[in-house]
>>> print(open('protein_16.txt').read())   # compact mmCIF, C-alpha atoms
# COMPACT_ATOMS: atom_id res chain seq x y z
CA MET A 1 -181.67 -129.67 78.67
CA ASP A 2 -179.36 -132.26 80.26
CA LEU A 3 -176.41 -129.90 79.87
CA LEU A 4 -178.33 -127.13 81.65
CA ARG A 5 -179.39 -129.51 84.44
CA ASN A 6 -175.77 -130.70 84.87
CA LEU A 7 -174.50 -127.13 85.00
CA LEU A 8 -177.11 -126.18 87.60
CA THR A 9 -176.26 -129.25 89.67
CA ALA A 10 -172.56 -128.43 89.50
CA ALA A 11 -173.25 -124.81 90.48
CA LEU A 12 -175.35 -125.95 93.44
CA ILE A 13 -172.65 -128.36 94.63
CA LEU A 14 -169.98 -125.67 94.33
CA SER A 15 -172.08 -123.13 96.21
CA LEU A 16 -172.81 -125.60 99.02
CA SER A 17 -169.16 -126.52 99.35
CA SER A 18 -168.23 -122.86 99.77
CA ILE A 19 -170.40 -122.50 102.86
CA VAL A 20 -169.03 -125.55 104.65
CA PRO A 21 -167.04 -124.18 107.58
CA ALA A 22 -163.39 -125.03 108.01
CA THR A 23 -162.35 -127.49 110.67
CA PRO A 24 -159.97 -126.57 113.51
CA VAL A 25 -157.24 -128.41 111.59
CA ASP A 26 -157.94 -126.33 108.46
CA THR A 27 -157.58 -123.15 110.49
CA ALA A 28 -154.36 -124.42 112.04
CA TRP A 29 -152.96 -125.19 108.59
CA ASP A 30 -153.97 -121.72 107.42
CA LEU A 31 -152.00 -120.25 110.32
CA LEU A 32 -148.93 -122.27 109.36
CA TYR A 33 -149.25 -121.08 105.76
CA ALA A 34 -149.69 -117.46 106.91
CA VAL A 35 -146.51 -117.71 109.00
CA GLU A 36 -144.62 -119.41 106.18
CA SER A 37 -145.71 -116.78 103.64
CA GLN A 38 -145.20 -113.94 106.16
CA ASP A 39 -148.70 -112.66 105.47
CA GLY A 40 -149.61 -110.41 108.37
CA GLN A 41 -153.17 -109.74 107.23
CA TRP A 42 -153.98 -113.42 106.81
CA PHE A 43 -152.38 -114.08 110.20
CA LEU A 44 -154.56 -111.44 111.87
CA ASP A 45 -157.68 -112.69 110.07
CA LEU A 46 -157.16 -116.06 111.74
CA MET A 47 -156.94 -114.63 115.27
CA SER A 48 -159.89 -114.45 117.64
CA GLU A 49 -161.34 -111.01 118.21
CA SER A 50 -159.90 -110.76 121.72
CA LEU A 51 -156.45 -111.86 120.57
CA CYS A 52 -156.52 -109.33 117.72
CA VAL A 53 -157.33 -106.60 120.24
CA GLN A 54 -154.38 -107.69 122.41
CA ILE A 55 -151.99 -107.71 119.45
CA GLU A 56 -153.19 -104.32 118.20
CA THR A 57 -152.95 -102.86 121.72
CA ARG A 58 -149.34 -104.04 122.05
CA ILE A 59 -148.47 -102.56 118.66
CA GLU A 60 -150.08 -99.25 119.65
CA GLN A 61 -148.09 -99.25 122.90
CA ILE A 62 -144.88 -99.77 120.95
CA LYS A 63 -145.81 -96.96 118.54
CA GLU A 64 -146.61 -94.60 121.43
CA LEU A 65 -143.35 -95.45 123.16
CA ALA A 66 -141.52 -94.85 119.87
CA GLU A 67 -142.79 -91.26 119.97
CA THR A 68 -141.58 -90.65 123.51
CA ASP A 69 -138.46 -92.86 123.66
CA SER A 70 -137.39 -93.72 120.14
CA GLY A 71 -133.97 -94.91 121.33
CA LEU A 72 -135.53 -97.61 123.48
CA ILE A 73 -137.76 -98.84 120.67
CA GLU A 74 -134.87 -98.71 118.19
CA GLU A 75 -132.88 -100.91 120.55
CA PHE A 76 -135.88 -103.24 120.92
CA LEU A 77 -136.31 -103.51 117.14
CA LEU A 78 -132.62 -104.30 116.66
CA SER A 79 -132.55 -106.91 119.44
CA ALA A 80 -135.69 -108.54 118.03
CA GLY A 81 -134.06 -108.66 114.58
CA LEU A 82 -136.86 -106.63 113.01
CA SER A 83 -135.83 -104.86 109.84
CA VAL A 84 -137.82 -101.67 110.35
CA SER A 85 -136.89 -98.19 111.54
CA VAL A 86 -138.65 -96.35 114.32
CA TYR A 87 -139.82 -93.77 111.78
CA ASP A 88 -141.28 -96.42 109.45
CA LEU A 89 -142.97 -98.14 112.37
CA GLN A 90 -145.15 -95.08 112.94
CA TRP A 91 -146.73 -95.35 109.49
CA MET A 92 -147.10 -99.11 109.23
CA THR A 93 -150.42 -100.92 109.56
CA TYR A 94 -150.89 -103.75 112.04
CA SER A 95 -150.65 -106.29 109.24
CA ASP A 96 -147.44 -104.67 107.92
CA ILE A 97 -145.85 -104.97 111.35
CA ILE A 98 -147.02 -108.57 111.77
CA SER A 99 -145.53 -109.41 108.36
CA ILE A 100 -142.16 -108.01 109.52
CA VAL A 101 -142.40 -110.02 112.76
CA LEU A 102 -143.23 -113.18 110.81
CA GLU A 103 -140.02 -112.76 108.79
CA ASN A 104 -138.14 -113.78 111.97
CA THR A 105 -140.48 -116.59 112.95
CA TYR A 106 -138.99 -120.00 112.33
CA LEU A 107 -141.03 -123.08 111.56
CA PRO A 108 -139.53 -126.31 110.25
CA PRO A 109 -140.59 -127.06 106.67
CA LEU A 110 -144.30 -127.80 106.53
CA CYS A 111 -143.65 -130.75 104.22
CA ASN A 112 -141.98 -132.48 107.20
CA ILE A 113 -145.17 -132.59 109.30
CA VAL A 114 -145.84 -136.23 110.12
CA SER A 115 -149.03 -135.94 112.15
CA GLU A 116 -151.86 -133.62 113.07
CA GLU A 117 -154.33 -134.18 115.89
CA ALA A 118 -157.39 -132.24 116.94
CA SER A 119 -159.34 -132.59 120.14
CA LEU A 120 -162.67 -130.82 120.52
CA ASN A 121 -164.30 -129.63 123.72
CA GLY A 122 -167.50 -127.77 122.90
CA ARG A 123 -166.63 -124.58 121.05
CA ASN A 124 -162.91 -125.00 121.78
CA ALA A 125 -160.33 -127.20 120.14
CA THR A 126 -156.64 -127.97 120.39
CA VAL A 127 -154.65 -128.88 117.30
CA VAL A 128 -151.20 -130.45 117.58
CA PHE A 129 -148.77 -130.74 114.67
CA LYS A 130 -145.69 -132.95 114.89
CA TRP A 131 -142.70 -132.78 112.56
CA SER A 132 -140.32 -135.61 111.69
CA SER A 133 -137.58 -133.74 113.58
CA GLY A 134 -139.53 -134.07 116.83
CA TYR A 135 -140.67 -130.43 116.82
CA SER A 136 -144.32 -129.97 117.76
CA LEU A 137 -146.71 -127.05 117.75
CA ASN A 138 -149.94 -126.68 119.73
CA LEU A 139 -152.72 -124.33 118.67
CA GLN A 140 -155.86 -123.46 120.61
CA VAL A 141 -158.87 -122.44 118.53
CA VAL A 142 -162.41 -121.37 119.32
CA TRP A 143 -165.62 -121.29 117.27
CA GLU A 144 -166.24 -117.55 116.83
CA GLU A 145 -168.09 -115.57 114.18
CA SER A 146 -169.12 -118.81 112.38
CA THR A 147 -165.55 -119.98 111.89
CA TRP A 148 -162.62 -121.33 113.86
CA LYS A 149 -160.28 -118.63 115.20
CA VAL A 150 -156.90 -119.02 116.90
CA THR A 151 -156.82 -118.08 120.58
CA GLY A 152 -153.39 -119.29 121.57
CA SER A 153 -150.26 -121.09 120.50
CA SER A 154 -146.66 -121.53 121.47
CA ILE A 155 -145.78 -119.72 118.25
CA LEU A 156 -147.78 -116.68 119.39
CA GLU A 157 -145.86 -116.64 122.65
CA ARG A 158 -142.59 -116.50 120.73
CA VAL A 159 -143.84 -113.86 118.32
CA PHE A 160 -145.51 -111.61 120.88
>>> encode(input="protein_16.txt", output="structure tokens")
Amino acid sequence: MDLLRNLLTAALILSLSSIVPATPVDTAWDLLYAVESQDGQWFLDLMSESLCVQIETRIEQIKELAETDSGLIEEFLLSAGLSVSVYDLQWMTYSDIISIVLENTYLPPLCNIVSEEASLNGRNATVVFKWSSGYSLNLQVVWEESTWKVTGSSILERVF
């Protein structure tokens, strides 16, 4: 009987811990890991709904332009260092394209992060990471759909 009670208690604790929402810092770390692992789907899952729409709209614009002026897009892809052809671009998903973009996104090693700070203002937060090299990264997040979602970052400006 004690074994059953202990198992039920453990199951209850595990189930409760799975519904605890992530903090803004957790979400910021997830973004760093998504960039490091070049995981476009994970990256998009962390974005706010409005930011996802903006990213998807830009990708659609590039795809449409590739149909009408493939030379221009080919030049753009080469100058951006993206290892994808104009033809392949047409058939790629948003997450596939983001993964390719993340291949060229540089972050110092995550093990060299020396501090993380979060400041909350209602449903918004800013998270700042600092590396031992002096590099820093700011992320803006918002509470949306019962979780923290990224709304802006200097890394997003460089990527998109």
>>> atom_distance(input="protein_16.txt", atom1="CA of Leu139 in chain A", atom2="CA of Tyr94 in chain A")
21.7 Å
>>> residues_near_point(input="protein_16.txt", point="(-153.9, -118.2, 113.6)", cutoff="10 Å", atoms="all atoms listed in the file", output="ChimeraX atom specification")
/A:27-35,42-48,51,139-141,148-153,155-156
>>> residues_around(input="protein_16.txt", residues="Ser132 in chain A", least_positions_apart="6", cutoff="8 Å", atoms="all atoms listed in the file", output="PyMOL selection string")
chain A and resi 112-114
>>> write_last_selection(input="protein_16.txt", atoms="C-alpha atoms", output="PDB file, in the frame of the given file")
ATOM      1  CA  ASN A 112    -141.980-132.480 107.200  1.00  0.00           C
ATOM      2  CA  ILE A 113    -145.170-132.590 109.300  1.00  0.00           C
ATOM      3  CA  VAL A 114    -145.840-136.230 110.120  1.00  0.00           C
TER       4      VAL A 114
END
>>> closest_residue(input="protein_16.txt", among="A:Ile55, A:Ile62, A:Trp131, A:Leu120", to="Glu157 in chain A", atoms="all atoms listed in the file")
A:Ile55
>>> atom_distance(input="protein_16.txt", atom1="CA of Asn138 in chain A", atom2="CA of Asp26 in chain A")
13.8 Å
>>> atom_distance(input="protein_16.txt", atom1="CA of Val53 in chain A", atom2="CA of Glu117 in chain A")
28.1 Å
>>> residues_near_point(input="protein_16.txt", point="(-148.8, -91.7, 113.5)", cutoff="12 Å", atoms="all atoms listed in the file", output="PyMOL selection string")
chain A and resi 60+62-67+86-93
>>> axis_aligned_box(input="protein_16.txt", around="range 77-89 of chain A", padding_each_side="6 Å", output="lines of an AutoDock Vina configuration file")
center_x = -137.8
center_y = -101.2
center_z = 114.4
size_x = 22.4
size_y = 26.9
size_z = 22.0
>>> closest_atom_pairs(input="protein_16.txt", of="range 100-151 of chain A", to="range 75-78 of chain A", cutoff="12 Å", atoms="all atoms listed in the file", output="JSON lines")
{"residue": "A:Ile100", "atom": "CA", "partner": "A:Leu77", "partner_atom": "CA", "distance": 10.6}
{"residue": "A:Val101", "atom": "CA", "partner": "A:Leu77", "partner_atom": "CA", "distance": 9.9}
{"residue": "A:Asn104", "atom": "CA", "partner": "A:Leu77", "partner_atom": "CA", "distance": 11.6}
>>> decode(input="protein_16.txt", residues="range 77-112 of chain A", atoms="N, CA and C atoms", output="compact mmCIF listing (two decimals), in the first residue's frame")
# COMPACT_ATOMS: atom_id res chain seq x y z
N LEU A 77 20.55 35.09 -52.08
CA LEU A 77 20.91 33.88 -51.34
C LEU A 77 22.43 33.72 -51.24
N LEU A 78 23.13 34.00 -52.34
CA LEU A 78 24.59 33.91 -52.33
C LEU A 78 25.20 34.95 -51.41
N SER A 79 24.73 36.19 -51.49
CA SER A 79 25.29 37.25 -50.65
C SER A 79 25.00 37.03 -49.17
N ALA A 80 23.88 36.38 -48.87
CA ALA A 80 23.53 36.07 -47.49
C ALA A 80 24.24 34.81 -46.99
N GLY A 81 24.94 34.11 -47.89
CA GLY A 81 25.65 32.90 -47.51
C GLY A 81 24.75 31.72 -47.24
N LEU A 82 23.55 31.74 -47.83
CA LEU A 82 22.59 30.66 -47.62
C LEU A 82 22.82 29.56 -48.64
N SER A 83 22.99 28.36 -48.16
CA SER A 83 23.30 27.23 -49.03
C SER A 83 22.02 26.56 -49.53
N VAL A 84 21.28 27.28 -50.35
CA VAL A 84 20.04 26.76 -50.91
C VAL A 84 19.86 27.36 -52.31
N SER A 85 19.32 26.58 -53.22
CA SER A 85 19.09 27.08 -54.57
C SER A 85 17.70 27.72 -54.64
N VAL A 86 17.51 28.53 -55.64
CA VAL A 86 16.21 29.16 -55.84
C VAL A 86 15.14 28.09 -56.05
N TYR A 87 15.47 27.05 -56.78
CA TYR A 87 14.52 25.97 -57.02
C TYR A 87 14.13 25.29 -55.70
N ASP A 88 15.13 24.95 -54.89
CA ASP A 88 14.85 24.29 -53.61
C ASP A 88 14.03 25.17 -52.68
N LEU A 89 14.29 26.45 -52.73
CA LEU A 89 13.58 27.41 -51.88
C LEU A 89 12.07 27.31 -52.06
N GLN A 90 11.64 27.08 -53.28
CA GLN A 90 10.21 27.02 -53.58
C GLN A 90 9.50 25.88 -52.84
N TRP A 91 10.22 24.82 -52.53
CA TRP A 91 9.59 23.64 -51.94
C TRP A 91 9.87 23.48 -50.45
N MET A 92 10.62 24.41 -49.90
CA MET A 92 10.98 24.31 -48.49
C MET A 92 9.89 24.89 -47.60
N THR A 93 9.75 24.31 -46.41
CA THR A 93 8.82 24.84 -45.42
C THR A 93 9.47 26.05 -44.74
N TYR A 94 8.66 26.78 -43.98
CA TYR A 94 9.20 27.92 -43.23
C TYR A 94 10.31 27.46 -42.29
N SER A 95 10.06 26.36 -41.59
CA SER A 95 11.07 25.89 -40.63
C SER A 95 12.34 25.42 -41.33
N ASP A 96 12.22 24.84 -42.53
CA ASP A 96 13.41 24.44 -43.30
C ASP A 96 14.25 25.67 -43.64
N ILE A 97 13.58 26.72 -44.07
CA ILE A 97 14.29 27.95 -44.45
C ILE A 97 14.94 28.58 -43.23
N ILE A 98 14.22 28.62 -42.11
CA ILE A 98 14.78 29.18 -40.88
C ILE A 98 16.01 28.37 -40.46
N SER A 99 15.95 27.07 -40.57
CA SER A 99 17.11 26.23 -40.22
C SER A 99 18.32 26.59 -41.07
N ILE A 100 18.11 26.84 -42.35
CA ILE A 100 19.21 27.24 -43.25
C ILE A 100 19.76 28.61 -42.81
N VAL A 101 18.87 29.53 -42.48
CA VAL A 101 19.29 30.86 -42.03
C VAL A 101 20.09 30.74 -40.73
N LEU A 102 19.65 29.87 -39.83
CA LEU A 102 20.33 29.72 -38.55
C LEU A 102 21.73 29.13 -38.70
N GLU A 103 21.99 28.43 -39.81
CA GLU A 103 23.34 27.91 -40.05
C GLU A 103 24.36 29.04 -40.10
N ASN A 104 23.94 30.22 -40.54
CA ASN A 104 24.84 31.37 -40.67
C ASN A 104 24.70 32.37 -39.53
N THR A 105 24.05 31.97 -38.46
CA THR A 105 23.86 32.86 -37.33
C THR A 105 24.90 32.51 -36.27
N TYR A 106 25.73 33.48 -35.94
CA TYR A 106 26.80 33.24 -34.99
C TYR A 106 26.40 33.69 -33.59
N LEU A 107 26.60 32.81 -32.65
CA LEU A 107 26.52 33.13 -31.23
C LEU A 107 27.81 32.61 -30.59
N PRO A 108 28.37 33.37 -29.67
CA PRO A 108 29.51 32.81 -28.93
C PRO A 108 29.06 31.55 -28.20
N PRO A 109 29.98 30.70 -27.79
CA PRO A 109 29.59 29.47 -27.10
C PRO A 109 28.71 29.76 -25.88
N LEU A 110 27.63 29.01 -25.76
CA LEU A 110 26.69 29.24 -24.67
C LEU A 110 27.33 28.96 -23.30
N CYS A 111 28.34 28.11 -23.28
CA CYS A 111 29.01 27.81 -22.01
C CYS A 111 29.77 29.03 -21.47
N ASN A 112 29.96 30.05 -22.30
CA ASN A 112 30.68 31.25 -21.88
C ASN A 112 29.75 32.36 -21.38
